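To start, the structure under review is shown below, and the notes come after it.
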Amino acid sequence: MLLFGNACTFDDAKEDISGSMQDVIVKLSGAGFSCKSTDPDEFRVSDVSLMVFDEYGSIEEYRWIDSRVQNLSEGIKLRLTAGKRYSFYGCVNFGYKVYADNVEELDEVRFHMAYPDEFWNGIPMCIMEKDILIEKDCDSIVLEIKRLMSKISLSIDRSKLDGGVRMNVIGARIGNCPKVVTVFSDSRISSHSECFTAGYDKNEFETDQMNISDRHGISGEVSLYMLENMQGELTDKDQQREFDEGDIRAGICSYIELDIEYLSSSTASWSSPLRYRFYLGENAKDLNVERNCHYHMRICPDKDGLSKDGWSIDKSGLCKFVQEIRLSQKELSFEYEGQTFLLESSILPQDATLQIPIWESSNVRVATVSDTGMVTATGEGKCTITCISQDGAGARASCEVRCEFKDAWLKLYPGSIISGNVGDRIHVWCEFFPPSAPFDLGYEELEYDRARGIYDYEVDEDGHGVTLILRKPGSGLLYMSAGYPINDSVMATVVVNQM
């Protein structure tokens with residue numbers, strides 16, 4: 001507490017104090033953070049509920065001041081008795097009047113926030129100065145204002161990161177941010193319903209200072225605010241500040257959460273940023289976040305930046321890059337339009353996140369490629385089929401395609417008229433190109449003539465011809481066809497003569 005003018009002290013009253021009433025001007029000071037802060041923020045005082053209690057704890061003076069109506073720089077005028085001791089309690093920036101008949105009632109005073117950045121009245125503060133002696137001729141006293149919130153300033157030291165590792169902060173927030181604070185005593189939340197799951201936060205543009213580093217790799221600071229949350233000491237086994245989902249502390253202890261876009265030569269944040277979480281505390285042994293204090297936290301990732309080191313890291317959005325793609329063929333040649341070939345890809349490493357590559361053709365008029373690597377010849381010429389990793393890291397492989405089409409044809413041997421005598425064996429077959437074209441031997445006609453007794457038949461091993469065994473005089477018909485890309489058919493008349 002700072003004292004000015006004819007100072008009022010905590011010392012015992014001198015015997016010659018008259019006990020007469022006198023005007024005392026109360027001035028407010030402080031509102032900066034405690035010595036933990038090297039750079040106290042400016043403060044705003046929009047309203048004050050000031051309660052003055054006598055030595056018995058009963059209300060003696062009360063003032064409600066709205067700064068829009070009364071200039072607080074001139075102080076608050078009170079009528080107090082010289083030689084008497086008073087206790088001063090106040091609620092600052094609550095936006096409403098707070099009153100108590102006696103000191104005991106102050107135990108019930110709470111401040112509630114509707115949402116974590118509800119600061120249009122200014123940061124909530126309090127005054128609590130006890131047992132102040134009003135000396136004779138004391139014309140003013142100064143009461144210290146203390147914030148009910150703490151300030152957490154974050155920065156990053158990137159100097160120990162491996163070369164090529166990039167960590168860009170796009171969000172910062174306080175998790176388990178208290179909704180309510182006990183104004184005149186230590187405050188802590190006791191259930192998850194008393195806090196904002198995602199509290200005071202700053203978005204991508206508001207965290208820019210954490211992405212600007214000096215020559216030593218140390219970034220500027222970004223500050224977050226929260227109401228006091230005194231959660232006590234850590235046990236020895238909890239020094240890593242990680243709590244199981246069923247641990248009540250996971251839902252009531254406050255923490256910092258950073259969203260970071262991550263990039264290295266082998267890994268990147270893909271579907272969502274990396275989420276770093278650290279439970280707050282005054283020191284390594286407790287989980288206390290004290291009011292009216294300024295905490296400076298410097299995150300110091302090293303090497304790949306993915307080791308825990310007191311942080312828990314949600315890596316669910318992390319993508320492990322494809323380093324190499326291998327194809328089953330480096331060259332393909334096609335001899336007719338519509339010919340296909342399935343290119344198979346091998347992705348390395350095998351645990352790369354995005355295993356399904358992107359396929360592209362440099363000239364779809366020569367060859368197209370499907371999403372599964374099926375290459376189809378569409379015209380004569382050359383083109384390149386490229387297989388590319390989806391992760392954008394640049395891994396790719398290619399196959400050169402040449403299309404020089406030959407004529408498709410179908411021929412029947414020994415000719416279109418097949419004749420012989422009963423008992424003869426005659427071989428009839430087709431040759432065609434391309435050999436991959438679907439071929440139909442004409443079973444319907446063969447079976448019809450067999451049923452009539454004209455001949456019996458045996459199918460060639462390759463399915464491209466038959467051997468006819470002539471049974472009785474008469475005539476029959478053979479009909480054979482080839483599908484795409486030949487799309488042609490041949491027909492032969494079978495004549496069986498009597499010997």
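By order of appearance in the structure tokens: chains A, B, ..., then residues from 1 within every chain, and ligands from 1 in the order shown.
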
>> Report as a list in words all protein, DNA and RNA residues lying within 12 Å of A:Ile417, evaluated on only C-alpha atoms, omitting residues in the same chain fewer than 6 positions from it.
In response: Ile426, Val428, Ser475, Gly476, Leu477, Leu478, Val490, Met491, Ala492, Thr493, Val494, Val495 and Val496 of chain A

Let me see the file: selected residues, N, CA, C and O atoms, as a compact mmCIF listing (two decimals), in the first residue's frame.
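The file below, selection25.txt, is the result:
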# COMPACT_ATOMS: atom_id res chain seq x y z
N ILE A 426 -11.38 -83.31 -89.06
CA ILE A 426 -10.94 -82.05 -89.71
C ILE A 426 -10.74 -80.98 -88.64
O ILE A 426 -11.63 -80.73 -87.81
N VAL A 428 -10.46 -77.19 -87.50
CA VAL A 428 -10.89 -75.84 -87.90
C VAL A 428 -10.48 -74.89 -86.77
O VAL A 428 -10.80 -75.13 -85.60
N SER A 475 -25.14 -81.20 -93.86
CA SER A 475 -24.39 -79.94 -93.79
C SER A 475 -24.65 -79.25 -92.44
O SER A 475 -25.71 -79.42 -91.84
N GLY A 476 -23.67 -78.49 -92.04
CA GLY A 476 -23.78 -77.74 -90.78
C GLY A 476 -23.13 -76.37 -90.94
O GLY A 476 -22.70 -75.99 -92.03
N LEU A 477 -23.04 -75.69 -89.81
CA LEU A 477 -22.55 -74.31 -89.86
C LEU A 477 -21.66 -74.03 -88.65
O LEU A 477 -21.97 -74.40 -87.52
N LEU A 478 -20.53 -73.36 -88.91
CA LEU A 478 -19.67 -72.87 -87.83
C LEU A 478 -19.70 -71.34 -87.83
O LEU A 478 -19.67 -70.73 -88.91
N VAL A 490 -16.40 -64.74 -88.28
CA VAL A 490 -16.19 -65.55 -89.48
C VAL A 490 -17.18 -66.72 -89.46
O VAL A 490 -17.60 -67.16 -88.38
N MET A 491 -17.54 -67.20 -90.65
CA MET A 491 -18.51 -68.29 -90.75
C MET A 491 -18.02 -69.31 -91.77
O MET A 491 -17.42 -68.95 -92.78
N ALA A 492 -18.25 -70.59 -91.48
CA ALA A 492 -17.85 -71.68 -92.39
C ALA A 492 -19.01 -72.68 -92.53
O ALA A 492 -19.70 -72.96 -91.55
N THR A 493 -19.18 -73.21 -93.75
CA THR A 493 -20.19 -74.25 -94.02
C THR A 493 -19.49 -75.60 -93.96
O THR A 493 -18.42 -75.79 -94.56
N VAL A 494 -20.10 -76.53 -93.25
CA VAL A 494 -19.54 -77.88 -93.12
C VAL A 494 -20.41 -78.82 -93.98
O VAL A 494 -21.63 -78.91 -93.77
N VAL A 495 -19.75 -79.52 -94.93
CA VAL A 495 -20.46 -80.48 -95.80
C VAL A 495 -19.86 -81.87 -95.58
O VAL A 495 -18.66 -82.07 -95.72
N VAL A 496 -20.76 -82.83 -95.21
CA VAL A 496 -20.33 -84.20 -94.96
C VAL A 496 -20.90 -85.11 -96.06
O VAL A 496 -22.14 -85.12 -96.27

> What's the 6 Å shell around stretch 277-280 of chain A, counting only C-alpha atoms, without same-chain residues fewer than 6 positions away, as a ChimeraX atom specification?
Replying inline: /A:241,254-257,287,311-312

Would you save the residues of that selection, restricted to C-alpha atoms, as a PDB file, in the first residue's frame?
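Output (again_27.pdb):
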ATOM      1  CA  ARG A 241       1.615 -32.642 -15.904  1.00  0.00           C
ATOM      2  CA  SER A 254      -6.120 -24.737 -16.156  1.00  0.00           C
ATOM      3  CA  TYR A 255      -3.847 -25.260 -19.126  1.00  0.00           C
ATOM      4  CA  ILE A 256      -2.383 -23.522 -22.133  1.00  0.00           C
ATOM      5  CA  GLU A 257      -3.214 -24.924 -25.547  1.00  0.00           C
ATOM      6  CA  LEU A 287      -0.993 -26.152 -10.222  1.00  0.00           C
ATOM      7  CA  TRP A 311       3.651 -30.918 -23.028  1.00  0.00           C
ATOM      8  CA  SER A 312       1.067 -33.359 -24.247  1.00  0.00           C
TER       9      SER A 312
END

>> Counting only C-alpha atoms, which residue out of A:Ile189, A:Met230, A:Met297, A:Leu106 sits closest to A:Ile59?
In response: A:Leu106

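Considering only C-alpha atoms, the residue among A:Cys293, A:Cys387, A:Leu258, A:Val369 positioned nearest to A:Met226 is A:Cys293.
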
>> Counting only C-alpha atoms, which residue out of A:Asn71, A:Thr267, A:Thr384, A:Ser187 sits closest to A:Trp359?
In response: A:Thr384

> Excluding same-chain residues fewer than 5 positions from A:Ile127, what lies within 7 Å of it counting only C-alpha atoms, as a ChimeraX atom specification?
Replying inline: /A:88-91,143-146

Selected residues, C-alpha atoms, written as an mmCIF file, in the first residue's frame, please.
data_model
loop_
_atom_site.group_PDB
_atom_site.id
_atom_site.type_symbol
_atom_site.label_atom_id
_atom_site.label_comp_id
_atom_site.auth_asym_id
_atom_site.auth_seq_id
_atom_site.Cartn_x
_atom_site.Cartn_y
_atom_site.Cartn_z
ATOM 1 C CA PHE A 88 -11.611 -1.276 3.194
ATOM 2 C CA TYR A 89 -13.093 -3.741 0.711
ATOM 3 C CA GLY A 90 -14.015 -2.993 -2.858
ATOM 4 C CA CYS A 91 -15.244 -4.575 -6.084
ATOM 5 C CA LEU A 143 -5.811 1.780 -1.494
ATOM 6 C CA GLU A 144 -4.249 -0.795 -3.757
ATOM 7 C CA ILE A 145 -6.340 -2.404 -6.447
ATOM 8 C CA LYS A 146 -5.529 -5.994 -7.362
#

>> What's the separation between atom CA of A:Gly381 and atom CA of A:Cys403, in Å to one decimal place?
In response: 5.2 Å

>> Set the distance at 9 Å and use only C-alpha atoms: which residues neighbour A:Arg68 once local chain neighbours fewer than 3 positions away are removed? I'd like the list as a ChimeraX atom specification.
In response: /A:46-47,65,71

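Every protein or nucleic acid residue with an atom no more than 6 Å from A:Cys399, counting only C-alpha atoms and leaving out same-chain residues fewer than 2 positions away, appears here: A:Lys330, A:Glu331, A:Thr384, A:Ile385.
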
File of the preceding selection, all heavy atoms, as a CSV table (one decimal), in the first residue's frame:
chain,number,residue,atom,x,y,z
A,330,LYS,N,8.3,-49.1,-65.7
A,330,LYS,CA,8.8,-47.8,-66.1
A,330,LYS,C,8.5,-47.4,-67.5
A,330,LYS,O,8.5,-46.2,-67.9
A,330,LYS,CB,10.3,-47.7,-65.9
A,330,LYS,CG,10.8,-47.8,-64.4
A,330,LYS,CD,12.3,-47.7,-64.3
A,330,LYS,CE,12.7,-47.7,-62.8
A,330,LYS,NZ,14.2,-47.5,-62.7
A,331,GLU,N,8.1,-48.5,-68.3
A,331,GLU,CA,7.7,-48.2,-69.7
A,331,GLU,C,6.6,-49.1,-70.1
A,331,GLU,O,6.5,-50.3,-69.6
A,331,GLU,CB,8.9,-48.5,-70.7
A,331,GLU,CG,10.1,-47.6,-70.5
A,331,GLU,CD,11.2,-47.9,-71.5
A,331,GLU,OE1,11.1,-48.9,-72.2
A,331,GLU,OE2,12.2,-47.1,-71.5
A,384,THR,N,3.4,-39.5,-70.7
A,384,THR,CA,4.0,-39.9,-69.4
A,384,THR,C,2.9,-40.1,-68.4
A,384,THR,O,2.0,-39.1,-68.3
A,384,THR,CB,5.0,-38.9,-68.9
A,384,THR,OG1,6.1,-38.8,-69.9
A,384,THR,CG2,5.6,-39.4,-67.6
A,385,ILE,N,2.8,-41.2,-67.8
A,385,ILE,CA,1.9,-41.4,-66.6
A,385,ILE,C,2.7,-41.1,-65.4
A,385,ILE,O,3.7,-41.7,-65.1
A,385,ILE,CB,1.3,-42.8,-66.6
A,385,ILE,CG1,0.6,-43.1,-67.9
A,385,ILE,CG2,0.4,-43.0,-65.4
A,385,ILE,CD1,-0.6,-42.2,-68.2

> A:Gln323, A:Ser87, A:Ser191, A:Thr368: which is nearest A:Gln350, counting only C-alpha atoms?
Replying inline: A:Gln323

Just the helix (DSSP H, G or I) stuff from stretch 74-211 of chain A, please, per backbone DSSP, written as a PDB file with N, CA and C atoms, in the first residue's frame.
ATOM      1  N   GLU A  74     -10.014  12.193  -8.873  1.00  0.00           N
ATOM      2  CA  GLU A  74     -10.148  13.125  -7.749  1.00  0.00           C
ATOM      3  C   GLU A  74     -10.303  12.394  -6.427  1.00  0.00           C
ATOM      4  N   VAL A 103     -18.359  -7.836   7.494  1.00  0.00           N
ATOM      5  CA  VAL A 103     -17.233  -8.464   6.795  1.00  0.00           C
ATOM      6  C   VAL A 103     -17.516  -9.930   6.483  1.00  0.00           C
ATOM      7  N   GLU A 104     -18.235 -10.625   7.380  1.00  0.00           N
ATOM      8  CA  GLU A 104     -18.503 -12.042   7.168  1.00  0.00           C
ATOM      9  C   GLU A 104     -19.257 -12.292   5.866  1.00  0.00           C
ATOM     10  N   GLU A 105     -20.126 -11.375   5.502  1.00  0.00           N
ATOM     11  CA  GLU A 105     -20.899 -11.552   4.273  1.00  0.00           C
ATOM     12  C   GLU A 105     -20.029 -11.522   3.021  1.00  0.00           C
ATOM     13  N   LEU A 106     -18.840 -10.968   3.141  1.00  0.00           N
ATOM     14  CA  LEU A 106     -17.959 -10.886   1.974  1.00  0.00           C
ATOM     15  C   LEU A 106     -17.481 -12.256   1.515  1.00  0.00           C
ATOM     16  N   ASP A 107     -17.539 -13.250   2.419  1.00  0.00           N
ATOM     17  CA  ASP A 107     -17.130 -14.603   2.034  1.00  0.00           C
ATOM     18  C   ASP A 107     -17.989 -15.157   0.904  1.00  0.00           C
ATOM     19  N   GLU A 108     -19.188 -14.614   0.760  1.00  0.00           N
ATOM     20  CA  GLU A 108     -20.116 -15.123  -0.254  1.00  0.00           C
ATOM     21  C   GLU A 108     -20.014 -14.381  -1.583  1.00  0.00           C
ATOM     22  N   HIS A 192     -15.934 -29.277 -13.415  1.00  0.00           N
ATOM     23  CA  HIS A 192     -15.753 -28.833 -14.800  1.00  0.00           C
ATOM     24  C   HIS A 192     -16.848 -27.856 -15.233  1.00  0.00           C
ATOM     25  N   SER A 193     -18.005 -27.894 -14.576  1.00  0.00           N
ATOM     26  CA  SER A 193     -19.092 -26.983 -14.934  1.00  0.00           C
ATOM     27  C   SER A 193     -18.777 -25.538 -14.564  1.00  0.00           C
ATOM     28  N   GLU A 194     -17.750 -25.331 -13.736  1.00  0.00           N
ATOM     29  CA  GLU A 194     -17.388 -23.990 -13.298  1.00  0.00           C
ATOM     30  C   GLU A 194     -16.348 -23.333 -14.201  1.00  0.00           C
ATOM     31  N   ASP A 208       0.417 -13.577 -34.266  1.00  0.00           N
ATOM     32  CA  ASP A 208       1.529 -13.301 -35.187  1.00  0.00           C
ATOM     33  C   ASP A 208       2.850 -13.050 -34.471  1.00  0.00           C
ATOM     34  N   GLN A 209       2.807 -12.397 -33.297  1.00  0.00           N
ATOM     35  CA  GLN A 209       4.048 -12.085 -32.595  1.00  0.00           C
ATOM     36  C   GLN A 209       4.842 -13.340 -32.233  1.00  0.00           C
ATOM     37  N   MET A 210       4.143 -14.461 -32.051  1.00  0.00           N
ATOM     38  CA  MET A 210       4.832 -15.704 -31.719  1.00  0.00           C
ATOM     39  C   MET A 210       5.515 -16.317 -32.939  1.00  0.00           C
ATOM     40  N   ASN A 211       5.276 -15.762 -34.101  1.00  0.00           N
ATOM     41  CA  ASN A 211       5.889 -16.268 -35.332  1.00  0.00           C
ATOM     42  C   ASN A 211       6.967 -15.330 -35.863  1.00  0.00           C
TER      43      ASN A 211
END
